[in-house]
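A short worksheet on the structure shown next.
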There are 2 protein chains.
Amino acid sequence: MNLIVNYNGKREKIEFKKQKNLLEIFQENNINISAPCGGNGTCGKCKVKLLSKKSNVTKKEKNLLSNKEIKKGVRLACVTKAKNNMEVELNKDQELEIMDYSIERNIDLDPLINKSNIKIEKPTLENQKDYLSRIYKKSDTIKTNYSLIKSFPENIDEFNEITLFTKNEKLIDIKYNKNTKNYYGISIDIGTTTVVLYLINLETGEKKDVYSFKNPQQKYGADVISRVNHTIEKENGIEDIQDVLIKKINYALKKLINKNNLKANNIYQCVIVGNTIMLHTLLGVSAESITKSPFTPIFTNSVELKASNFDININKNGIIKLLPSVSGYIGADILADMLTISQINDNNKWSLLIDIGTNGEIVLDNGENAYACSTAAGPALEGANISFGMAGIPGAISEYKITEDNQINYSTIRDRKAKGICGSGLIDIIAELYDKDYLDKNGGFKKDLDENKKDRITEYKNFTSYKVIDNNDSENSDIFLTQKDIREIQLAKGAIEAGIKVLIQEADISYEDIEVVYLAGGFGNYLKPESACTIGLIPYQLENKIERIGNGAGMGAILSLLNDNMFDLIQNLKNRINYIELSSKKDFQEKFMNSMYFGKIS
Amino acid sequence: MNLIVNYNGKREKIEFKKQKNLLEIFQENNINISAPCGGNGTCGKCKVKLLSKKSNVTKKEKNLLSNKEIKKGVRLACVTKAKNNMEVELNKDQELEIMDYSIERNIDLDPLINKSNIKIEKPTLENQKDYLSRIYKKSDTIKTNYSLIKSFPENIDEFNEITLFTKNEKLIDIKYNKNTKNYYGISIDIGTTTVVLYLINLETGEKKDVYSFKNPQQKYGADVISRVNHTIEKENGIEDIQDVLIKKINYALKKLINKNNLKANNIYQCVIVGNTIMLHTLLGVSAESITKSPFTPIFTNSVELKASNFDININKNGIIKLLPSVSGYIGADILADMLTISQINDNNKWSLLIDIGTNGEIVLDNGENAYACSTAAGPALEGANISFGMAGIPGAISEYKITEDNQINYSTIRDRKAKGICGSGLIDIIAELYDKDYLDKNGGFKKDLDENKKDRITEYKNFTSYKVIDNNDSENSDIFLTQKDIREIQLAKGAIEAGIKVLIQEADISYEDIEVVYLAGGFGNYLKPESACTIGLIPYQLENKIERIGNGAGMGAILSLLNDNMFDLIQNLKNRINYIELSSKKDFQEKFMNSMYFGKIS
């Protein structure tokens, strides 16, 4: 049977055999479509437009799609059965605004793999020392790949100077040609949502280029749990989510390499950071045990692999290193954030690090002891499970202000036509609604609103809703924020607030003892501190202490690539962390319930 | 075209295309035939019997074969052109008496790869430590093969105990099944002539089994120089001599493994010893630079290879280590001899080590300083270039005595019918001839012999010759020792004698300072000390100080397998050696000429 798919300006005919839904066919054929809920029919994101062959509207679609959409033939790919000769249209591939910004740090260059140029002294009868000892003096034992020995040239005397690449006392590579100035490394930050690659010149330390893409595992679910479920339910599920990630990384690597006139052989090292589950999926290791109590990972230590052993296409003699994690839900990304912070904050006052994504990881650290927890903030802050929520892509409302005279000011990413709301926009809107008395402390819409305000309150999808903006055209519908959306954000912010409170209690300190609050990650970078403190996501006492570090995880990976001693430093950071498992804390549930309220936390 | 070959009881039809000589066809088809001179038509060893198709007799064959042989249809394979439908017969594959005896040493077990059984503690909410950290505590960084991580089982909780194999801080292998008692290593001694494999139980230190075979590189020449010439002259020559060796090692390994009910996976380590050129050929590295002044090897350091990288079929996660060499002509075999000696001689008196093969390597050592040289003794002492010379195989005359009443007592290896003379036999015969006044000090047959003696003097191949034994049958000819043979032995013994003198002079000591003389290797093990001292191969002052250590090189490889610290010890031995390049010593030539004489050296 055939399915015709129109996407990205192409019209492609795809064969399929068994009765399947459209989402499954898209996934099998590597057609990118957002399906944050993993195809469960709950997020309503996998919209397609049927160009031929009608399809009945399911209950799920009635709930998740507007009447306008349904009339136009829009359906959800996850519940729509493919029929022979059906023709469908997908939205343009959505371009994600990936945050590759980070505070910049300088560091001494001391990478794992060193390059040195060696002049070869010619042997004489008085000095018959063997050729390899002439060039390689680091060890009495030659530890190297066999291929390097095998390819050692007979006519070595004809080379005046050769270039050695060594890793501690191990010989990694020998270059006999003169043009060996290209000696690069790659740092990779694997986020649940986005992946960023940094191309680093290991001779100068220069950040040469950046490439980012949406984590292609998203076709198996937006959140890590959905992806792990895929590995549990499908026979080759672990390989599915590993392969799709590694293929895309290699694609990105090739793009970076070509654009900079390099070859894969010029890349000698790769340092990878990510949350614990991402690193498990990268290595094709089951993360199932992380998702079930007692949430035990297979590995948390740093991993060092030979490139010849692993499918990331750098120099086959090169090394791939993963930064260590702390636990199943405090990953290498958080340790990398801490590493980045350690380069700007070397005093021993308490600092609070908050990295909000699907989970909210929080670390309270004074340079000697650190307390860390991970809160299941849920994907709401990334726009999932929110009626008009969306990731931080062009067209997402990222800032929102209601003026004194009830006018609305807002901006969208790249100033495109507003299509939905991303995390920072959601916080702004809710903070404004609370500040302007639309909402009470419990998060409910107030009953006795004045006329001006009442105008914007309406019903959407059976919920009392606030009309965020009017879109007066046929293409785009108005944008609403429902009571349910607000409850989702309350849950998310409550989890983070409660997490902060638990750590403060564990460390036995008060807010005044905290000198600085670091916000890491894309969400944290766009978040307006006053809005965050207004709704109580962050305690108001800390409002003036907030600093943004951007993609601290990516920066940590870069630092660890530039200077391998960072792996010792990060190990120290790991060792000083007391990981607090919130689900084992008896009073967490109570703190959580008390953290739902808006307003100043005390 | 076809050639029919009868050998080892088989009759095989072999196709060949171009005009070739028989030797080339045998070599291409892996038919073992001795050709010590490498096919130059000078050694006369590659005899075949033509069963059909006459072939003209060349000048070389006239010189090297007896008339009886020529009449029977015996020809030399290296000068006989193959013709279509020619049928030939080869002698039975000659069984070499390989010396795998060595003095035995006990040593603490401390192999490179360690085995340990680990009980897995189940995780709890209070102790979420990752699984790999539960079993592997040696390093903060997991250094291992990717496959081990990838195959880590999801259901690890179901295993009570697992077995780890580690190399320093590196994780080498994990076994999840109970039956992991088999943990073995292999030591290999690669001689120019013979290769010996020892199977060692790494849990008990027991020498479990031995397997030895003729070095199959001999089809490219008996001596190392002929083999290196093959690599220079033939396009894939380096691969030829590497492949033939590695294939035979793997064949031997399989035999050993099967016989002892093991699997290749049970072999975790392999330690290899050999002379410098053998180790170069093993790694497929050009040894050309060793054969030309200034005799510089590509490598002398110890080499450590991953089994996954190299074609010796042990556990793919295992390690293959080569012992270090000193120079092009003082190889790992000599350092291994020294290592073996260091386990029996720990006082600081001077000792002299002599390992006679194709080369004669000599080391003078007092535990602090050592002086070493290699003398081009030539292959005469191994029976090459000697009319009736042969290797130490069954039927070789190994002992020889002329009684007072001019009777002859002799013995052959395995008491077989005498077919020729091996090295120790040659020394015995010449010592007897000198002792019984057949020869003068210069090595010439005396003119004025009495009648009894004159009877045994005759002409053979145009040389004055001594009839060693009468073989009164049609199958075997009489055995002679010619004046030329004696000159060959004089050259060989003179080289060793001169080498000893140079070292004594370098060390500035006298014979009295030497406490013990160690004879290593097969030749040294059968050599009669009084005969060696009679002809002046070894100074007579040392006659009572001679000890045999047998295959000290093989023993050194075993010790290094059992205890990896031996690699440090052997490195110390290497560091204390002053290598004396005889060709750069101005007075060596003079010493050499003065060492031709028989009788007591002073």
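Each chain in the structure tokens gets a letter, A, B, ..., in the order shown, and its residues are numbered from 1; ligands are numbered from 1 in order too.
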
Item to check | Long-range neighbours of segment 517-523 of chain A as a PyMOL selection string, 9 Å cut-off, only C-alpha atoms, 6 positions minimum in chain | outcome: chain A and resi 98-101+334+337+341+351-357+381-382+392+422-424+542-553

Next on the checklist: Residues of chain B were defined as contacting chain A if any atom lay at most 6 Å from it, counting only C-alpha atoms; please report them as a list in words.
Outcome noted: Thr124, Leu125, Gln128, Asp130, Tyr131, Leu132, Asp140, Thr141, Ile142, Lys143, Tyr146, Lys150, Val285, Pro294, Thr296, Pro297, Ile298, Phe299, Asn301, Ser302, Val303, Glu304 and Asn309 of chain B

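Residues with any atom within 7 Å of Ile330 of chain B, counting only C-alpha atoms and excluding same-chain neighbours fewer than 6 positions away, are Asn275, Thr276, Glu361 and Ser374 of chain B.
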
Kindly save the residues from that selection, with C-alpha atoms included, as a PDB file, in the first residue's frame.
ATOM      1  CA  ASN B 275      64.874 -12.152  18.592  1.00  0.00           C
ATOM      2  CA  THR B 276      64.426  -8.631  17.287  1.00  0.00           C
ATOM      3  CA  GLU B 361      74.636 -13.496  21.613  1.00  0.00           C
ATOM      4  CA  SER B 374      76.087 -10.333  19.000  1.00  0.00           C
TER       5      SER B 374
END

Checklist entry - Hey, what does DSSP flag as helix (DSSP H, G or I) within segment 209-268 of chain A? Can you give it to me as a ChimeraX atom specification? => result /A:216-220,224-233,237-259,264-266

Item to check | Point-to-point distance in Å for atom CA of Phe165 of chain B and atom CA of Glu121 of chain B | outcome: 18.8 Å

Checklist entry - What are the DSSP strand (DSSP E) residues of segment 219-451 of chain B, as JSON, numbers by chain? => result {"B": [267, 268, 269, 270, 271, 272, 273, 274, 302, 303, 304, 305, 306, 319, 320, 321, 322, 350, 351, 352, 353, 354, 355, 356, 360, 361, 362, 363, 364, 365, 370, 371, 372, 373, 374, 375, 396, 397, 398, 399, 400, 401, 402, 408, 409, 410, 411, 412, 420, 421]}

Checklist outcome for this item: Expressed in Å, the length from atom CA of Leu433 of chain A to atom CA of Gly360 of chain A is 23.7 Å

Checklist entry - Excluding same-chain residues fewer than 3 positions from segment 201-206 of chain B, what lies within 12 Å of it counting only C-alpha atoms, as a VMD selection string? => result chain B and resid 104 to 116 165 180 to 187 198 209 to 210 257 260 262 266 to 270 558 to 564

Item to check | Shortest interatomic distance to Gln27 of chain B - which of B:Ile190, B:Val273, B:Ile241, B:Val88, counting only C-alpha atoms | outcome: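 Checking each candidate against Gln27 of chain B, we get B:Ile241 as the closest.
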
Item to check | Close residues, segment 443-445 of chain B itself excluded, 9 Å, only C-alpha atoms, min 2 positions apart in chain, as an MDAnalysis selection string | outcome: chainID B and resid 430 433:434 437:441 447 449 457 464:466 483 486:487 490 596:598

Could the residues in this selection be saved with C-alpha atoms as a PDB file, in the first residue's frame?
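The new file again_8.pdb reads:
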ATOM      1  CA  ILE B 430      86.208 -31.468  15.619  1.00  0.00           C
ATOM      2  CA  LEU B 433      89.972 -34.652  15.673  1.00  0.00           C
ATOM      3  CA  TYR B 434      92.039 -31.931  17.301  1.00  0.00           C
ATOM      4  CA  ASP B 437      95.978 -35.090  16.408  1.00  0.00           C
ATOM      5  CA  TYR B 438      94.122 -35.304  13.086  1.00  0.00           C
ATOM      6  CA  LEU B 439      94.040 -31.528  12.956  1.00  0.00           C
ATOM      7  CA  ASP B 440      96.662 -28.935  13.667  1.00  0.00           C
ATOM      8  CA  LYS B 441      96.145 -25.732  15.598  1.00  0.00           C
ATOM      9  CA  LYS B 447     100.017 -34.415   6.618  1.00  0.00           C
ATOM     10  CA  LEU B 449      99.075 -39.091  10.051  1.00  0.00           C
ATOM     11  CA  ILE B 457      90.967 -39.475   5.548  1.00  0.00           C
ATOM     12  CA  THR B 464      90.207 -33.456   2.051  1.00  0.00           C
ATOM     13  CA  SER B 465      87.661 -35.017   4.359  1.00  0.00           C
ATOM     14  CA  TYR B 466      87.284 -37.156   7.422  1.00  0.00           C
ATOM     15  CA  GLN B 483      88.092 -29.360   5.313  1.00  0.00           C
ATOM     16  CA  ILE B 486      85.928 -27.385   9.505  1.00  0.00           C
ATOM     17  CA  ARG B 487      86.694 -23.883   8.210  1.00  0.00           C
ATOM     18  CA  GLN B 490      86.299 -22.235  12.798  1.00  0.00           C
ATOM     19  CA  MET B 596      90.438 -19.105  14.473  1.00  0.00           C
ATOM     20  CA  TYR B 597      92.952 -21.373  16.153  1.00  0.00           C
ATOM     21  CA  PHE B 598      91.960 -24.455  18.060  1.00  0.00           C
TER      22      PHE B 598
END

Checklist entry - Quick one: distance from atom CA of Pro379 of chain B to atom CA of Ile496 of chain B in Å, one decimal? => result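 A separation of 12.7 Å between them.
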
Checklist entry - Can you list, as a VMD selection string, every protein, DNA or RNA residue that comes within 9 Å of segment 222-230 of chain A when you count only C-alpha atoms, leaving out same-chain residues fewer than 2 positions away? => result chain A and resid 34 to 38 192 to 193 217 to 220 232 to 235 237 to 238 240 to 241 277 to 278 281 286 to 288 291 358 378 to 379 384

Item to check | Lys493 of chain B environment, 8 Å, only C-alpha atoms, sequence neighbours closer than 6 positions dropped, as a PyMOL selection string | outcome: chain B and resi 377+536-537+595-596
